[in-house]
Amino acid sequence: MKRKTLVIAAVAAALVAPGVAHAAPGLGSAGSLGAAWGSSGDNGGGDGGGDTDNGAAPATPAVSVPGGRYEHPVDLTFDVERGATARYTLDGSTPTVSSPAFDPRRPVRIDRDTNVTVAAFRGERQSVPVSVGYLIKTAEKPIAQLVVMSDVHIGGYESNIRKYESFFDTIGSIFPKPDAILSNGDMINDNGDGKGPDHKIVAQVFQEQLARKGMTDTQVLMSFGNHDAKLADVRAGYPQAWFPDSGGGYYESEVSGVHVFTVNTETYNGDTAQRDWLKGRLAELAAANVGAPILVQGHRPTVGTTMDGQQASNPRLAEDLKAFPQAIYFSGHSHLNNFDDRAIHQKDFTSVNDGSMSYIEFDKGFQMVTETGLANRFEAPTAQALFVEVYAGRTEISRVNMAADRHDIYTGGQWSASWQPPYSSAGTLSGPSWTVTLDGATSREIKDNFRYTAAARNTVAPEFASPTPLSTVTGLDGALSLRIAQARDDQMVYHYRVEIADTATGAKVVSSKVLSDFAFVPRPDHLDVPMPDAATGEYEAKVVAVDAYGNASPEATLTFTR
């Protein structure tokens with residue numbers, strides 16, 4: 001999955017008001033890129049008063065309460081310069097002139113996991129938006145807090161140290177003292193080319209950040225991936241406690257009383273000793289406490305589980321976990337994103353896709369709107385991890401972006417995922433948290449109560465908010481584009497089926513599946529699909545919004561002349 005990377009210029013950091021006390025340090029800026037899973041906002045008052053300057057864009061608003069993990073609701077206010085109006089959304093979209101206006105007399109209350117995006121408006125001008133994420137918990141204390149990441153793909157110190165300073169700041173803002181960090185394979189970029197010593201660079205980067213953040217008691221547990229060179233290189237690169245295998249690349253750990261198993265998916269299918277070890281230990285633990293979760297990490301996903309089985313291997317791992325609904329199996333390797341709710345799967349056990357700390361991927365066959373027009377894309381320079389909290393009776397899994405700023409993965413025709421901080425999207429939520437419960441006195445009863453199953457797959461289709469979601473716009477260069485006002489969905493709009501045909505001949509000038517830009521923070525309120533330069537005449541556009549499960553909206557149409 002690895003390609004050569006470049007260092008690209010940073011984007012501006014988000015603006016958050018400093019010095020506000022809260023229950024836990026804040027996330028960076030945050031904005032859901034999926035469904036409208038926060039509550040809708042209040043329509044408040046108008047402009048902030050004072051003189052108006054329509055010649056310059058207003059400054060980005062300040063948010064009164066930093067994002068973060070709270071044990072109570074939070075009330076937000078937004079500070080804007082004189083003459084500007086703060087408008088906000090709670091669904092991860094970019095605010096527009098139609099979004100609710102903030103009334104200083106009525107703070108915005110956040111009482112559930114929500115991403116708030118706010119921008120300042122003055123006349124025709126709009127500020128750069130800022131997004132802030134809030135995880136709202138109760139006062140109940142978790143048994144253990146673990147960060148699960150994979151595919152960090154570190155290939156050098158200088159190109160990664162600033163990135164991981166930002167990433168560990170995000171980790172610390174959610175879990176100031178995590179009990180463990182699981183790095184689930186592909187720590188380096190070896191492709192059979194002798195990069196094994198790079199594991200020492202990863203160790204240096206992680207050790208410096210753990211010390212800087214005061215995470216001195218945090219366990220680090222690593223699995224072996226296909227880009228990690230040799231097991232001997234892994235053992236030589238890290239403290240023994242980070243990879244305490246006994247020779248086969250697999251081992252058992254305990255994190256604050258929670259059992260964690262690390263398997264070697266590079267050998268699992270043919271490794272009888274590893275299989276017998278895992279099955280034997282899982283049987284002992286399940287017999288001792290049928291309702292206790294057992295965490296398992298392995299680099300590759302197993303068959304028939306997450307992301308509709310994409311890039312899966314090790315069918316015998318699925319076979320061996322089948323008897324243990326207590327198992328929650330975390331996997332990476334694919335880089336497939338965790339915005340997508342197919343990233344969690346339950347049948348006989350729970351499987352969860354980690355995402356990726358270097359770049360994410362999509363299903364093949366899609367295009368993206370880029371600065372150079374529609375282009376084939378299945379990657380984006382977004383970094384993600386999971387924040388796992390184990391409680392008595394349930395395990396909560398929060399999906400967090402380490403960086404999700406909007407960039408094309410190709411720059412100047414070259415592929416790159418090495419976007420440097422500051423990130424305006426650090427700490428953003430990529431969707432609502434998943435809750436895994438083990439309800440039942442027997443394994444059969446636990447399975448019967450699973451909620452993220454094929455039978456329970458989402459069936460709600462996206463819908464366009466406006467009766468006229470399609471229009472045409474002409475750019476400063478005179479180029480014509482079809483503008484699609486983003487549809488809405490209870491989870492997320494994945495893509496749009498777009499067809500534009502000549503009404504006289506029936507010839508299609510555009511026929512594409514266009515990604516909705518759900519992988520970036522904040523999600524734009526519209527997409528502009530460019531018309532081919534040579535196209536003239538009368539055309540009919542047909543657009544359907546589709547979610548990750550294939551549920552499709554009614555078709556929207558527009559006839560226009562060029």
# chains A, B, ... in the order shown; residues from 1 in each chain; ligands from 1
call {"tool": "residues_around", "arguments": {"residues": "Asn353 of chain A", "least_positions_apart": "4", "cutoff": "10 Å", "atoms": "only C-alpha atoms", "output": "list in words"}}
result
Val148, Met149, Ser150, His299, Arg300, Pro301, Thr305, Thr306, Met307, Tyr329, Phe330, Ser331, Gly332, His333, Ser334, His335, Leu336, Asn337, Asn338, Asp340, Asp341, Arg342, Ala343, Ile344, His345, Ala385 and Leu386 of chain A
call {"tool": "write_last_selection", "arguments": {"atoms": "N, CA and C atoms", "output": "CSV table (one decimal), in the first residue's frame"}}
result
chain,number,residue,atom,x,y,z
A,148,VAL,N,-6.1,2.9,19.2
A,148,VAL,CA,-5.8,1.9,18.2
A,148,VAL,C,-5.5,2.6,16.8
A,149,MET,N,-4.3,2.4,16.3
A,149,MET,CA,-3.9,3.0,15.1
A,149,MET,C,-3.2,1.9,14.2
A,150,SER,N,-3.0,2.2,13.0
A,150,SER,CA,-2.2,1.3,12.1
A,150,SER,C,-1.7,2.1,10.9
A,299,HIS,N,-2.8,-7.1,11.9
A,299,HIS,CA,-2.6,-6.2,10.8
A,299,HIS,C,-3.7,-6.3,9.7
A,300,ARG,N,-3.9,-7.5,9.2
A,300,ARG,CA,-4.8,-7.7,8.0
A,300,ARG,C,-6.2,-8.0,8.5
A,301,PRO,N,-7.2,-7.5,7.8
A,301,PRO,CA,-8.6,-7.9,8.1
A,301,PRO,C,-8.8,-9.3,7.8
A,305,THR,N,-15.7,-9.7,6.8
A,305,THR,CA,-16.0,-8.8,7.9
A,305,THR,C,-16.1,-7.4,7.5
A,306,THR,N,-15.2,-6.6,7.9
A,306,THR,CA,-15.3,-5.1,7.6
A,306,THR,C,-15.2,-4.8,6.1
A,307,MET,N,-15.8,-3.6,5.8
A,307,MET,CA,-15.7,-3.0,4.4
A,307,MET,C,-16.1,-4.0,3.4
A,329,TYR,N,-12.0,-7.6,17.1
A,329,TYR,CA,-10.8,-7.7,16.3
A,329,TYR,C,-10.6,-6.4,15.6
A,330,PHE,N,-9.4,-5.8,15.8
A,330,PHE,CA,-9.0,-4.6,15.1
A,330,PHE,C,-8.0,-4.9,14.1
A,331,SER,N,-8.2,-4.3,12.9
A,331,SER,CA,-7.3,-4.6,11.8
A,331,SER,C,-7.1,-3.3,11.0
A,332,GLY,N,-5.9,-3.3,10.3
A,332,GLY,CA,-5.6,-2.2,9.4
A,332,GLY,C,-5.3,-2.6,8.0
A,333,HIS,N,-4.1,-2.4,7.5
A,333,HIS,CA,-3.6,-2.9,6.2
A,333,HIS,C,-4.3,-2.2,5.0
A,334,SER,N,-5.6,-2.2,4.9
A,334,SER,CA,-6.3,-1.8,3.7
A,334,SER,C,-6.2,-0.3,3.5
A,335,HIS,N,-6.0,0.5,4.6
A,335,HIS,CA,-6.1,2.0,4.6
A,335,HIS,C,-7.6,2.4,4.3
A,336,LEU,N,-8.5,1.5,4.2
A,336,LEU,CA,-9.9,1.9,3.9
A,336,LEU,C,-10.4,2.8,5.1
A,337,ASN,N,-11.1,3.8,4.8
A,337,ASN,CA,-11.4,4.9,5.8
A,337,ASN,C,-12.4,4.4,6.8
A,338,ASN,N,-12.4,5.0,8.0
A,338,ASN,CA,-13.5,4.7,9.0
A,338,ASN,C,-14.6,5.8,9.1
A,340,ASP,N,-16.8,5.5,6.9
A,340,ASP,CA,-17.7,4.6,6.4
A,340,ASP,C,-18.2,3.6,7.5
A,341,ASP,N,-19.5,3.5,7.7
A,341,ASP,CA,-20.0,2.6,8.8
A,341,ASP,C,-19.9,1.1,8.4
A,342,ARG,N,-19.4,0.8,7.3
A,342,ARG,CA,-19.1,-0.6,7.0
A,342,ARG,C,-17.8,-0.9,7.7
A,343,ALA,N,-17.1,0.0,8.3
A,343,ALA,CA,-15.9,-0.2,9.0
A,343,ALA,C,-16.1,-1.0,10.3
A,344,ILE,N,-17.3,-1.2,10.7
A,344,ILE,CA,-17.6,-2.1,11.9
A,344,ILE,C,-18.5,-3.2,11.4
A,345,HIS,N,-18.3,-4.5,11.8
A,345,HIS,CA,-19.0,-5.6,11.3
A,345,HIS,C,-19.2,-6.6,12.5
A,385,ALA,N,-7.5,7.4,13.5
A,385,ALA,CA,-7.3,6.4,14.6
A,385,ALA,C,-8.6,6.2,15.3
A,386,LEU,N,-8.6,5.2,16.2
A,386,LEU,CA,-9.7,4.8,17.0
A,386,LEU,C,-9.4,5.1,18.5
call {"tool": "residues_around", "arguments": {"residues": "segment 460-466 of chain A", "least_positions_apart": "3", "cutoff": "7 Å", "atoms": "only C-alpha atoms", "output": "PyMOL selection string"}}
result
chain A and resi 469+487-489+493+545-547+551-553
call {"tool": "residues_around", "arguments": {"residues": "Leu480 of chain A", "least_positions_apart": "5", "cutoff": "10 Å", "atoms": "only C-alpha atoms", "output": "ChimeraX atom specification"}}
result
/A:472-475,528-533,535,562
call {"tool": "write_last_selection", "arguments": {"atoms": "N, CA, C and O atoms", "output": "PDB file, in the first residue's frame"}}
result
ATOM      1  N   THR A 472     -26.278  25.549 -12.632  1.00  0.00           N
ATOM      2  CA  THR A 472     -25.013  25.715 -13.346  1.00  0.00           C
ATOM      3  C   THR A 472     -24.340  26.984 -12.861  1.00  0.00           C
ATOM      4  O   THR A 472     -25.001  27.959 -12.487  1.00  0.00           O
ATOM      5  N   VAL A 473     -23.011  26.961 -12.856  1.00  0.00           N
ATOM      6  CA  VAL A 473     -22.226  28.124 -12.463  1.00  0.00           C
ATOM      7  C   VAL A 473     -21.109  28.308 -13.474  1.00  0.00           C
ATOM      8  O   VAL A 473     -20.611  27.344 -14.055  1.00  0.00           O
ATOM      9  N   THR A 474     -20.738  29.555 -13.667  1.00  0.00           N
ATOM     10  CA  THR A 474     -19.636  29.885 -14.578  1.00  0.00           C
ATOM     11  C   THR A 474     -18.497  30.469 -13.770  1.00  0.00           C
ATOM     12  O   THR A 474     -18.679  31.424 -13.018  1.00  0.00           O
ATOM     13  N   GLY A 475     -17.315  29.878 -13.906  1.00  0.00           N
ATOM     14  CA  GLY A 475     -16.153  30.327 -13.174  1.00  0.00           C
ATOM     15  C   GLY A 475     -15.559  31.590 -13.756  1.00  0.00           C
ATOM     16  O   GLY A 475     -15.976  32.075 -14.817  1.00  0.00           O
ATOM     17  N   ASP A 528     -18.949  21.154  -7.583  1.00  0.00           N
ATOM     18  CA  ASP A 528     -19.032  21.705  -8.932  1.00  0.00           C
ATOM     19  C   ASP A 528     -18.378  20.727  -9.902  1.00  0.00           C
ATOM     20  O   ASP A 528     -17.152  20.566  -9.901  1.00  0.00           O
ATOM     21  N   VAL A 529     -19.188  20.074 -10.709  1.00  0.00           N
ATOM     22  CA  VAL A 529     -18.699  19.084 -11.676  1.00  0.00           C
ATOM     23  C   VAL A 529     -18.484  19.794 -13.004  1.00  0.00           C
ATOM     24  O   VAL A 529     -19.447  20.278 -13.618  1.00  0.00           O
ATOM     25  N   PRO A 530     -17.245  19.892 -13.495  1.00  0.00           N
ATOM     26  CA  PRO A 530     -16.982  20.684 -14.700  1.00  0.00           C
ATOM     27  C   PRO A 530     -17.524  20.028 -15.964  1.00  0.00           C
ATOM     28  O   PRO A 530     -17.489  18.812 -16.124  1.00  0.00           O
ATOM     29  N   MET A 531     -18.016  20.857 -16.870  1.00  0.00           N
ATOM     30  CA  MET A 531     -18.426  20.407 -18.199  1.00  0.00           C
ATOM     31  C   MET A 531     -17.192  20.329 -19.095  1.00  0.00           C
ATOM     32  O   MET A 531     -16.282  21.157 -18.990  1.00  0.00           O
ATOM     33  N   PRO A 532     -17.131  19.359 -19.988  1.00  0.00           N
ATOM     34  CA  PRO A 532     -16.024  19.331 -20.960  1.00  0.00           C
ATOM     35  C   PRO A 532     -15.984  20.609 -21.781  1.00  0.00           C
ATOM     36  O   PRO A 532     -17.034  21.176 -22.133  1.00  0.00           O
ATOM     37  N   ASP A 533     -14.795  21.090 -22.112  1.00  0.00           N
ATOM     38  CA  ASP A 533     -14.639  22.363 -22.813  1.00  0.00           C
ATOM     39  C   ASP A 533     -15.365  22.395 -24.149  1.00  0.00           C
ATOM     40  O   ASP A 533     -15.917  23.430 -24.547  1.00  0.00           O
ATOM     41  N   ALA A 535     -18.092  20.947 -25.078  1.00  0.00           N
ATOM     42  CA  ALA A 535     -19.531  20.690 -25.060  1.00  0.00           C
ATOM     43  C   ALA A 535     -20.340  21.965 -25.251  1.00  0.00           C
ATOM     44  O   ALA A 535     -20.225  22.914 -24.477  1.00  0.00           O
ATOM     45  N   ARG A 562     -25.675  25.393 -23.135  1.00  0.00           N
ATOM     46  CA  ARG A 562     -24.338  25.969 -23.109  1.00  0.00           C
ATOM     47  C   ARG A 562     -24.020  26.524 -24.490  1.00  0.00           C
ATOM     48  O   ARG A 562     -24.140  25.815 -25.483  1.00  0.00           O
TER      49      ARG A 562
END
call {"tool": "closest_residue", "arguments": {"among": "A:Val352, A:Glu371, A:Phe167, A:Ile143", "to": "His259 of chain A", "atoms": "only C-alpha atoms"}}
result
A:Ile143
call {"tool": "select_by_dssp", "arguments": {"residues": "segment 235-467 of chain A", "states": "strand (DSSP E)", "output": "CSV table (one decimal) with N, CA, C and O atoms, in the first residue's frame"}}
result
chain,number,residue,atom,x,y,z
A,251,TYR,N,1.5,-12.4,20.8
A,251,TYR,CA,1.7,-12.4,22.2
A,251,TYR,C,0.4,-12.0,22.9
A,251,TYR,O,-0.5,-11.5,22.2
A,252,GLU,N,0.3,-12.1,24.2
A,252,GLU,CA,-0.8,-11.7,25.0
A,252,GLU,C,-0.4,-10.6,26.0
A,252,GLU,O,0.7,-10.6,26.5
A,253,SER,N,-1.3,-9.6,26.2
A,253,SER,CA,-1.0,-8.5,27.1
A,253,SER,C,-2.2,-8.3,28.0
A,253,SER,O,-3.3,-8.8,27.7
A,254,GLU,N,-2.0,-7.5,29.0
A,254,GLU,CA,-3.2,-7.1,29.9
A,254,GLU,C,-3.1,-5.6,30.1
A,254,GLU,O,-2.0,-5.1,30.5
A,255,VAL,N,-4.1,-4.9,29.8
A,255,VAL,CA,-4.2,-3.4,29.9
A,255,VAL,C,-5.2,-3.1,30.9
A,255,VAL,O,-6.4,-3.2,30.6
A,258,VAL,N,-7.9,-5.5,31.1
A,258,VAL,CA,-8.5,-6.0,29.8
A,258,VAL,C,-7.5,-6.8,29.1
A,258,VAL,O,-6.3,-6.4,28.9
A,259,HIS,N,-7.9,-8.0,28.6
A,259,HIS,CA,-7.0,-8.8,27.9
A,259,HIS,C,-6.9,-8.4,26.4
A,259,HIS,O,-7.9,-8.1,25.7
A,260,VAL,N,-5.6,-8.3,25.9
A,260,VAL,CA,-5.3,-7.8,24.6
A,260,VAL,C,-4.4,-8.9,23.9
A,260,VAL,O,-3.4,-9.2,24.5
A,261,PHE,N,-4.8,-9.4,22.8
A,261,PHE,CA,-4.1,-10.4,22.1
A,261,PHE,C,-3.6,-9.7,20.8
A,261,PHE,O,-4.3,-9.1,20.0
A,262,THR,N,-2.3,-9.9,20.5
A,262,THR,CA,-1.7,-9.5,19.2
A,262,THR,C,-1.3,-10.7,18.4
A,262,THR,O,-0.6,-11.6,18.8
A,294,ILE,N,-12.7,-9.1,24.9
A,294,ILE,CA,-11.4,-9.5,24.7
A,294,ILE,C,-10.9,-8.8,23.4
A,294,ILE,O,-11.5,-9.0,22.3
A,295,LEU,N,-9.9,-8.0,23.5
A,295,LEU,CA,-9.4,-7.2,22.3
A,295,LEU,C,-8.3,-8.0,21.6
A,295,LEU,O,-7.4,-8.6,22.3
A,296,VAL,N,-8.4,-8.0,20.3
A,296,VAL,CA,-7.5,-8.7,19.5
A,296,VAL,C,-7.0,-7.7,18.4
A,296,VAL,O,-7.9,-7.1,17.7
A,297,GLN,N,-5.7,-7.6,18.2
A,297,GLN,CA,-5.2,-6.8,17.1
A,297,GLN,C,-4.4,-7.6,16.1
A,297,GLN,O,-3.6,-8.5,16.5
A,327,ALA,N,-14.8,-11.4,21.4
A,327,ALA,CA,-13.7,-10.9,20.7
A,327,ALA,C,-14.0,-9.7,19.9
A,327,ALA,O,-15.0,-9.6,19.1
A,328,ILE,N,-13.2,-8.6,20.0
A,328,ILE,CA,-13.3,-7.4,19.2
A,328,ILE,C,-12.0,-7.3,18.4
A,328,ILE,O,-10.9,-7.1,19.0
A,329,TYR,N,-12.0,-7.6,17.1
A,329,TYR,CA,-10.8,-7.7,16.3
A,329,TYR,C,-10.6,-6.4,15.6
A,329,TYR,O,-11.4,-6.0,14.8
A,330,PHE,N,-9.4,-5.8,15.8
A,330,PHE,CA,-9.0,-4.6,15.1
A,330,PHE,C,-8.0,-4.9,14.1
A,330,PHE,O,-7.1,-5.6,14.3
A,331,SER,N,-8.2,-4.3,12.9
A,331,SER,CA,-7.3,-4.6,11.8
A,331,SER,C,-7.1,-3.3,11.0
A,331,SER,O,-7.9,-2.4,10.9
A,344,ILE,N,-17.3,-1.2,10.7
A,344,ILE,CA,-17.6,-2.1,11.9
A,344,ILE,C,-18.5,-3.2,11.4
A,344,ILE,O,-19.4,-3.0,10.6
A,345,HIS,N,-18.3,-4.5,11.8
A,345,HIS,CA,-19.0,-5.6,11.3
A,345,HIS,C,-19.2,-6.6,12.5
A,345,HIS,O,-18.2,-6.9,13.2
A,346,GLN,N,-20.4,-7.1,12.6
A,346,GLN,CA,-20.7,-8.2,13.6
A,346,GLN,C,-21.4,-9.3,13.0
A,346,GLN,O,-22.4,-9.1,12.3
A,350,THR,N,-16.9,-9.3,16.7
A,350,THR,CA,-16.9,-7.9,16.2
A,350,THR,C,-15.6,-7.6,15.5
A,350,THR,O,-14.5,-8.0,16.0
A,351,SER,N,-15.7,-7.1,14.3
A,351,SER,CA,-14.5,-6.6,13.6
A,351,SER,C,-14.5,-5.1,13.4
A,351,SER,O,-15.6,-4.6,13.0
A,352,VAL,N,-13.4,-4.5,13.5
A,352,VAL,CA,-13.4,-3.0,13.4
A,352,VAL,C,-12.1,-2.6,12.5
A,352,VAL,O,-11.0,-3.1,12.7
A,353,ASN,N,-12.4,-1.8,11.5
A,353,ASN,CA,-11.3,-1.3,10.7
A,353,ASN,C,-10.7,-0.1,11.3
A,353,ASN,O,-11.4,0.9,11.7
A,360,ILE,N,-5.8,7.5,3.7
A,360,ILE,CA,-7.0,6.6,3.6
A,360,ILE,C,-7.3,6.3,2.1
A,360,ILE,O,-6.9,7.0,1.2
A,361,GLU,N,-8.1,5.2,2.0
A,361,GLU,CA,-8.5,4.8,0.7
A,361,GLU,C,-10.0,4.7,0.7
A,361,GLU,O,-10.7,4.6,1.7
A,367,GLN,N,-14.5,9.0,-8.8
A,367,GLN,CA,-13.8,10.2,-9.2
A,367,GLN,C,-14.0,11.3,-8.1
A,367,GLN,O,-14.9,11.2,-7.3
A,368,MET,N,-13.1,12.3,-8.1
A,368,MET,CA,-13.2,13.3,-7.2
A,368,MET,C,-13.0,14.7,-7.9
A,368,MET,O,-12.3,14.7,-8.9
A,369,VAL,N,-13.7,15.7,-7.4
A,369,VAL,CA,-13.6,17.0,-8.0
A,369,VAL,C,-12.3,17.6,-7.5
A,369,VAL,O,-12.1,17.8,-6.3
A,370,THR,N,-11.3,17.9,-8.4
A,370,THR,CA,-10.0,18.5,-8.0
A,370,THR,C,-9.9,19.8,-8.6
A,370,THR,O,-10.7,20.2,-9.4
A,373,GLY,N,-10.2,19.5,-12.3
A,373,GLY,CA,-11.4,18.9,-12.8
A,373,GLY,C,-11.6,17.5,-12.2
A,373,GLY,O,-11.0,17.1,-11.2
A,374,LEU,N,-12.5,16.7,-12.8
A,374,LEU,CA,-12.7,15.4,-12.3
A,374,LEU,C,-11.5,14.5,-12.6
A,374,LEU,O,-10.9,14.5,-13.6
A,375,ALA,N,-11.1,13.7,-11.6
A,375,ALA,CA,-10.0,12.9,-11.7
A,375,ALA,C,-10.2,11.6,-10.9
A,375,ALA,O,-11.0,11.6,-9.9
A,376,ASN,N,-9.7,10.5,-11.4
A,376,ASN,CA,-9.8,9.2,-10.8
A,376,ASN,C,-9.1,9.2,-9.4
A,376,ASN,O,-7.9,9.6,-9.4
A,379,GLU,N,-7.8,7.5,-3.0
A,379,GLU,CA,-7.0,7.9,-1.8
A,379,GLU,C,-7.1,9.3,-1.5
A,379,GLU,O,-7.4,10.2,-2.3
A,380,ALA,N,-6.9,9.6,-0.2
A,380,ALA,CA,-6.9,11.0,0.3
A,380,ALA,C,-5.9,11.1,1.4
A,380,ALA,O,-5.7,10.2,2.2
A,383,ALA,N,-5.6,11.2,7.9
A,383,ALA,CA,-5.0,10.2,8.9
A,383,ALA,C,-6.1,10.0,10.0
A,383,ALA,O,-6.7,11.0,10.5
A,384,GLN,N,-6.3,8.8,10.4
A,384,GLN,CA,-7.3,8.4,11.3
A,384,GLN,C,-6.8,7.4,12.4
A,384,GLN,O,-5.9,6.6,12.1
A,385,ALA,N,-7.5,7.4,13.5
A,385,ALA,CA,-7.3,6.4,14.6
A,385,ALA,C,-8.6,6.2,15.3
A,385,ALA,O,-9.6,6.9,15.1
A,386,LEU,N,-8.6,5.2,16.2
A,386,LEU,CA,-9.7,4.8,17.0
A,386,LEU,C,-9.4,5.1,18.5
A,386,LEU,O,-8.3,4.8,18.9
A,387,PHE,N,-10.4,5.6,19.2
A,387,PHE,CA,-10.2,5.8,20.6
A,387,PHE,C,-11.2,4.9,21.4
A,387,PHE,O,-12.4,5.1,21.2
A,388,VAL,N,-10.7,3.9,22.1
A,388,VAL,CA,-11.5,2.8,22.6
A,388,VAL,C,-11.6,3.0,24.1
A,388,VAL,O,-10.5,3.1,24.8
A,389,GLU,N,-12.8,2.9,24.6
A,389,GLU,CA,-13.0,3.0,26.1
A,389,GLU,C,-13.8,1.7,26.5
A,389,GLU,O,-14.9,1.5,26.0
A,390,VAL,N,-13.2,0.9,27.4
A,390,VAL,CA,-13.8,-0.3,27.9
A,390,VAL,C,-14.5,0.0,29.2
A,390,VAL,O,-13.8,0.5,30.1
A,391,TYR,N,-15.8,-0.2,29.3
A,391,TYR,CA,-16.6,0.0,30.5
A,391,TYR,C,-17.1,-1.4,30.9
A,391,TYR,O,-17.1,-2.3,30.1
A,394,ARG,N,-19.8,-2.8,28.3
A,394,ARG,CA,-19.8,-2.2,26.9
A,394,ARG,C,-18.4,-1.7,26.6
A,394,ARG,O,-17.6,-1.4,27.5
A,395,THR,N,-18.2,-1.6,25.3
A,395,THR,CA,-17.0,-0.9,24.8
A,395,THR,C,-17.3,0.1,23.8
A,395,THR,O,-18.1,-0.1,22.8
A,396,GLU,N,-16.9,1.4,24.0
A,396,GLU,CA,-17.2,2.5,23.1
A,396,GLU,C,-16.0,2.8,22.3
A,396,GLU,O,-14.9,2.9,22.8
A,397,ILE,N,-16.2,2.9,21.0
A,397,ILE,CA,-15.2,3.2,20.0
A,397,ILE,C,-15.5,4.5,19.2
A,397,ILE,O,-16.4,4.6,18.5
A,398,SER,N,-14.6,5.5,19.5
A,398,SER,CA,-14.8,6.8,18.8
A,398,SER,C,-13.8,6.9,17.6
A,398,SER,O,-12.6,6.5,17.7
A,399,ARG,N,-14.3,7.4,16.5
A,399,ARG,CA,-13.5,7.6,15.3
A,399,ARG,C,-13.0,9.0,15.2
A,399,ARG,O,-13.8,9.9,15.2
A,400,VAL,N,-11.7,9.2,15.1
A,400,VAL,CA,-11.1,10.5,15.2
A,400,VAL,C,-10.1,10.7,14.0
A,400,VAL,O,-9.3,9.8,13.7
A,401,ASN,N,-10.2,11.8,13.4
A,401,ASN,CA,-9.2,12.2,12.4
A,401,ASN,C,-8.0,12.9,13.0
A,401,ASN,O,-8.2,13.8,13.8
A,402,MET,N,-6.8,12.5,12.7
A,402,MET,CA,-5.6,13.2,13.1
A,402,MET,C,-5.4,14.4,12.2
A,402,MET,O,-4.8,15.4,12.6
A,403,ALA,N,-5.8,14.2,10.9
A,403,ALA,CA,-5.7,15.3,9.9
A,403,ALA,C,-6.6,15.0,8.8
A,403,ALA,O,-6.6,13.8,8.3
A,410,TYR,N,-2.7,14.0,-5.2
A,410,TYR,CA,-1.7,14.3,-6.2
A,410,TYR,C,-1.4,15.8,-6.3
A,410,TYR,O,-2.3,16.6,-6.3
A,411,THR,N,-0.1,16.2,-6.3
A,411,THR,CA,0.3,17.6,-6.4
A,411,THR,C,1.3,17.7,-7.5
A,411,THR,O,2.4,17.0,-7.4
A,414,GLN,N,2.3,14.4,-8.9
A,414,GLN,CA,3.0,13.4,-8.1
A,414,GLN,C,2.2,13.0,-6.9
A,414,GLN,O,1.5,13.9,-6.3
A,415,TRP,N,2.2,11.8,-6.5
A,415,TRP,CA,1.4,11.2,-5.4
A,415,TRP,C,2.1,11.6,-4.1
A,415,TRP,O,3.3,11.5,-3.9
A,418,SER,N,2.2,13.2,2.6
A,418,SER,CA,3.0,13.7,3.7
A,418,SER,C,2.7,15.2,3.9
A,418,SER,O,3.5,16.0,4.0
A,419,TRP,N,1.4,15.5,4.1
A,419,TRP,CA,1.0,16.8,4.4
A,419,TRP,C,1.4,17.2,5.8
A,419,TRP,O,1.2,16.4,6.8
A,428,THR,N,-10.8,15.9,14.6
A,428,THR,CA,-12.2,15.9,14.1
A,428,THR,C,-12.8,14.5,14.2
A,428,THR,O,-12.1,13.5,14.1
A,429,LEU,N,-14.1,14.5,14.5
A,429,LEU,CA,-14.8,13.2,14.5
A,429,LEU,C,-15.2,12.8,13.1
A,429,LEU,O,-15.8,13.6,12.4
A,434,TRP,N,-19.2,4.1,18.0
A,434,TRP,CA,-19.9,2.7,18.0
A,434,TRP,C,-19.8,2.2,19.5
A,434,TRP,O,-18.9,2.3,20.2
A,435,THR,N,-20.9,1.5,19.9
A,435,THR,CA,-21.0,0.9,21.2
A,435,THR,C,-21.2,-0.6,21.0
A,435,THR,O,-22.2,-1.0,20.4
A,436,VAL,N,-20.2,-1.4,21.5
A,436,VAL,CA,-20.3,-2.8,21.4
A,436,VAL,C,-20.7,-3.4,22.8
A,436,VAL,O,-20.0,-3.1,23.8
A,437,THR,N,-21.8,-4.0,22.8
A,437,THR,CA,-22.3,-4.6,24.1
A,437,THR,C,-22.2,-6.1,24.0
A,437,THR,O,-22.3,-6.7,22.9
call {"tool": "select_by_dssp", "arguments": {"residues": "segment 309-526 of chain A", "states": "helix (DSSP H, G or I)", "output": "list in words"}}
result
Gly309, Pro315, Arg316, Leu317, Ala318, Glu319, Asp320, Leu321, Asp341, Arg342, Ala343, Ser443, Arg444, Glu445, Ile446, Lys447, Asp448, Ala454, Ala455 and Ala456 of chain A
call {"tool": "closest_residue", "arguments": {"among": "A:Leu135, A:Val263, A:Ala548, A:Leu438", "to": "Asn314 of chain A", "atoms": "only C-alpha atoms"}}
result
A:Val263
call {"tool": "atom_distance", "arguments": {"atom1": "atom CA of Val130 of chain A", "atom2": "atom CA of Thr372 of chain A"}}
result
25.7 Å
